[in-house]
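What follows is a short report on a single structure.
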Amino acid sequence: MGTAMRNRNIEVEDLPRYTLSDWEQWEGKWELIDGIPFALSPMPDKKHQRINGRLYIQFSDQLEDCPDCEAFLPVNYKINDVNLLHPDLLVVCGEDEDGTYITNTPGLVAEILSVSTKTKDKKTKLKLYQALGIRYYIIIAPKTETVSVFELNGAGEYELKANGRNISYQFEFGECKTTVDFSRIWKGKP
């Protein structure tokens with residue numbers, strides 16, 4: 001055997017960085033966070049998809065008469081040249097109808113946790129969405145069937161506003177309001 005590998009402390013700053021131009025050449029599904037690529041999991045399981053579909057229906061139905069805001073299922077959300085994400089659900093106001101990317105800052109982002117994304121969604125993305133000024137961040141844990149709704153406070157920091165399984169919460173997007181009954185996203189009756 002060769003020489004034993006010495007203890008190496010690789011810092012985040014030592015990792016290679018990539019841009020949207022690099023990302024456009026890659027195969028597979030990737031997110032970029034500060035130029036660091038993150039492989040997206042294979043297709044989500046049925047429960048994940050069911051939750052996301054039911055959540056989308058509530059937002060989409062209630063925003064139908066809102067002239068400026070729309071709910072989206074996973075779509076390319078381009079923040080800048082080194083940040084591109086695929087949230088599970090977004091609500092965006094004032095976005096052009098056509099194009100490859102969402103470029104306006106969403107009013108709301110929802111992420112559904114999985115084993116492979118749990119840490120990234122609860123820490124990295126929470127900090128990133130907060131820094132971007134996204135008013136609402138919803139984290140959904142399918143395993144425990146709980147929802148956490150965060151809203152930016154006056155200091156620009158996320159504050160946990162609602163947490164539980166069978167909760168409702170009202171979201172405001174300018175003139176438009178939606179009230180989501182999260183008990184309706186789980187399989188079966190609450």
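Order determines the names: the first chain of the structure tokens is A, the second B, and so forth; residues in each chain are numbered 1 upward, and ligands are numbered 1 upward as they are shown.
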
| request: Could you give me the residues within region 73-126 of chain A that DSSP places in alpha helix (DSSP H), as a ChimeraX atom specification? | output: /A:118-119,125-126

Would you mind exporting the chosen residues as an mmCIF file, in the first residue's frame, restricted to N, CA and C atoms?
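The resulting file, again_24.cif, is reproduced below:
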```cif
data_model
loop_
_atom_site.group_PDB
_atom_site.id
_atom_site.type_symbol
_atom_site.label_atom_id
_atom_site.label_comp_id
_atom_site.auth_asym_id
_atom_site.auth_seq_id
_atom_site.Cartn_x
_atom_site.Cartn_y
_atom_site.Cartn_z
ATOM 1 N N LYS A 118 -32.408 17.149 3.573
ATOM 2 C CA LYS A 118 -32.849 17.693 4.862
ATOM 3 C C LYS A 118 -31.936 18.802 5.396
ATOM 4 N N THR A 119 -30.649 18.532 5.465
ATOM 5 C CA THR A 119 -29.713 19.529 6.011
ATOM 6 C C THR A 119 -29.641 20.752 5.118
ATOM 7 N N LYS A 125 -30.421 26.480 2.563
ATOM 8 C CA LYS A 125 -31.453 27.199 1.809
ATOM 9 C C LYS A 125 -32.213 28.181 2.692
ATOM 10 N N LEU A 126 -32.431 27.849 3.935
ATOM 11 C CA LEU A 126 -33.100 28.788 4.837
ATOM 12 C C LEU A 126 -32.307 30.097 4.898
#
```

| region 44-55 of chain A: which residues within 10 Å, counting only C-alpha atoms, same-chain residues fewer than 3 positions away excluded, as an MDAnalysis selection string? | chainID A and resid 40:41 58:60 71 73:74 88:89 110:114 140:143 145 180:182 184:187

I need the chosen residues saved as a JSON list (two decimals), in the first residue's frame, with C-alpha atoms.
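Now in out.json:
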```
[["chain", "number", "residue", "atom", "x", "y", "z"],
["A", 40, "LEU", "CA", -30.62, 16.65, -7.19],
["A", 41, "SER", "CA", -32.08, 13.42, -5.93],
["A", 58, "GLN", "CA", -54.37, 25.17, -3.07],
["A", 59, "PHE", "CA", -52.03, 28.01, -4.05],
["A", 60, "SER", "CA", -52.91, 27.84, -7.75],
["A", 71, "ALA", "CA", -47.67, 29.29, -8.23],
["A", 73, "LEU", "CA", -43.93, 23.52, -9.36],
["A", 74, "PRO", "CA", -40.16, 22.88, -9.59],
["A", 88, "ASP", "CA", -40.46, 22.23, -4.78],
["A", 89, "LEU", "CA", -42.96, 25.08, -5.03],
["A", 110, "ALA", "CA", -41.66, 25.59, -0.16],
["A", 111, "GLU", "CA", -39.23, 22.71, 0.23],
["A", 112, "ILE", "CA", -40.26, 19.14, 1.02],
["A", 113, "LEU", "CA", -37.59, 17.36, 3.03],
["A", 114, "SER", "CA", -35.99, 14.10, 2.02],
["A", 140, "ILE", "CA", -42.53, 20.25, 4.96],
["A", 141, "ALA", "CA", -41.39, 17.03, 6.67],
["A", 142, "PRO", "CA", -43.26, 14.10, 5.08],
["A", 143, "LYS", "CA", -41.89, 11.54, 7.53],
["A", 145, "GLU", "CA", -46.12, 15.02, 8.58],
["A", 180, "VAL", "CA", -53.62, 27.26, 2.96],
["A", 181, "ASP", "CA", -55.06, 24.39, 4.96],
["A", 182, "PHE", "CA", -52.04, 22.15, 5.42],
["A", 184, "ARG", "CA", -55.26, 18.75, 3.19],
["A", 185, "ILE", "CA", -51.79, 17.86, 1.91],
["A", 186, "TRP", "CA", -51.52, 14.53, 3.78],
["A", 187, "LYS", "CA", -52.91, 11.26, 2.52]]
```

| said: Can you tell me which residues surround Glu24 (chain A) at a distance of at most 12 Å, considering only C-alpha atoms, apart from same-chain residues fewer than 6 positions away, and format the answer as an MDAnalysis selection string? | reply: chainID A and resid 18 30:32 76 78 81:82 84 100:101

| Nearest residue to Val115 (chain A) from the set A:Lys29, A:Ser183, A:Pro42, A:Asn80 (distances using only C-alpha atoms) | A:Pro42

| task | Within region 26-91 of chain A, find each residue whose DSSP state, derived from the backbone, is strand (DSSP E or B), and express the selection as a PyMOL selection string. | result | chain A and resi 30-33+36-39+69-72+77-80+83-85+89-91

| task | Please provide the set of residues having any atom within 7 Å of Val92 (chain A), restricted to only C-alpha atoms, with same-chain residues fewer than 6 positions apart removed, written as a ChimeraX atom specification. | result | /A:69-71,104-107

File of the preceding selection, N, CA and C atoms, as an mmCIF file, in the first residue's frame:
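After the write, again_25.cif holds the following:
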```
data_model
loop_
_atom_site.group_PDB
_atom_site.id
_atom_site.type_symbol
_atom_site.label_atom_id
_atom_site.label_comp_id
_atom_site.auth_asym_id
_atom_site.auth_seq_id
_atom_site.Cartn_x
_atom_site.Cartn_y
_atom_site.Cartn_z
ATOM 1 N N CYS A 69 -49.678 37.282 -9.600
ATOM 2 C CA CYS A 69 -48.950 36.216 -8.905
ATOM 3 C C CYS A 69 -49.360 34.843 -9.403
ATOM 4 N N GLU A 70 -48.393 33.924 -9.372
ATOM 5 C CA GLU A 70 -48.633 32.577 -9.877
ATOM 6 C C GLU A 70 -47.818 31.575 -9.075
ATOM 7 N N ALA A 71 -48.379 30.381 -8.880
ATOM 8 C CA ALA A 71 -47.667 29.288 -8.232
ATOM 9 C C ALA A 71 -46.974 28.446 -9.295
ATOM 10 N N ASN A 104 -37.499 36.758 -10.989
ATOM 11 C CA ASN A 104 -37.972 37.622 -9.903
ATOM 12 C C ASN A 104 -37.859 36.875 -8.584
ATOM 13 N N THR A 105 -37.617 37.615 -7.524
ATOM 14 C CA THR A 105 -37.568 37.002 -6.205
ATOM 15 C C THR A 105 -38.962 36.506 -5.843
ATOM 16 N N PRO A 106 -39.093 35.215 -5.537
ATOM 17 C CA PRO A 106 -40.410 34.697 -5.156
ATOM 18 C C PRO A 106 -40.909 35.333 -3.863
ATOM 19 N N GLY A 107 -42.228 35.342 -3.700
ATOM 20 C CA GLY A 107 -42.816 35.771 -2.437
ATOM 21 C C GLY A 107 -42.858 34.623 -1.442
#
```

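CA of Asp22 (chain A) is found 23.0 Å from CA of Met43 (chain A).
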
| task | Just give me the gap between CA of Val147 (chain A) and CA of Ser168 (chain A) in Å, one decimal is fine. | result | 9.9 Å

| request: Give me the residues within 10 Å of Asn163 (chain A) as a PyMOL selection string, counting only C-alpha atoms and dropping any in the same chain fewer than 4 places off. | output: chain A and resi 138-140+146-150+167-169

Create the file for the chosen residues now, containing N, CA and C atoms and written as a compact mmCIF listing (two decimals), in the first residue's frame.
```txt
# COMPACT_ATOMS: atom_id res chain seq x y z
N ILE A 138 -41.56 27.74 3.56
CA ILE A 138 -42.27 26.61 4.14
C ILE A 138 -41.39 25.37 4.05
N ILE A 139 -41.20 24.70 5.16
CA ILE A 139 -40.48 23.43 5.19
C ILE A 139 -41.47 22.35 5.58
N ILE A 140 -41.58 21.34 4.74
CA ILE A 140 -42.53 20.25 4.96
C ILE A 140 -41.74 18.96 5.20
N THR A 146 -45.25 17.12 9.31
CA THR A 146 -45.31 18.44 9.95
C THR A 146 -44.89 19.52 8.95
N VAL A 147 -45.42 20.69 9.18
CA VAL A 147 -45.15 21.86 8.35
C VAL A 147 -44.62 22.95 9.25
N SER A 148 -43.57 23.65 8.80
CA SER A 148 -43.05 24.82 9.49
C SER A 148 -43.15 26.00 8.53
N VAL A 149 -43.84 27.05 8.96
CA VAL A 149 -44.00 28.25 8.13
C VAL A 149 -43.16 29.35 8.76
N PHE A 150 -42.19 29.83 7.98
CA PHE A 150 -41.34 30.94 8.41
C PHE A 150 -41.74 32.18 7.63
N ILE A 167 -52.46 22.60 10.43
CA ILE A 167 -52.49 24.04 10.60
C ILE A 167 -52.97 24.72 9.31
N SER A 168 -53.43 25.93 9.45
CA SER A 168 -53.75 26.80 8.32
C SER A 168 -52.94 28.06 8.49
N TYR A 169 -52.64 28.70 7.36
CA TYR A 169 -51.88 29.94 7.44
C TYR A 169 -52.28 30.83 6.26
```

| field | Minimum-distance residue to Glu157 (chain A), chosen among A:Ile57, A:Asp98, A:Trp26, A:Ala131 (using only C-alpha atoms) | value | A:Ala131

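Residues in contact range of Gln170 (chain A), defined as at most 7 Å between only C-alpha atoms, with sequence neighbours fewer than 4 positions away removed, read Lys177, Thr178, Thr179 and Val180 of chain A.
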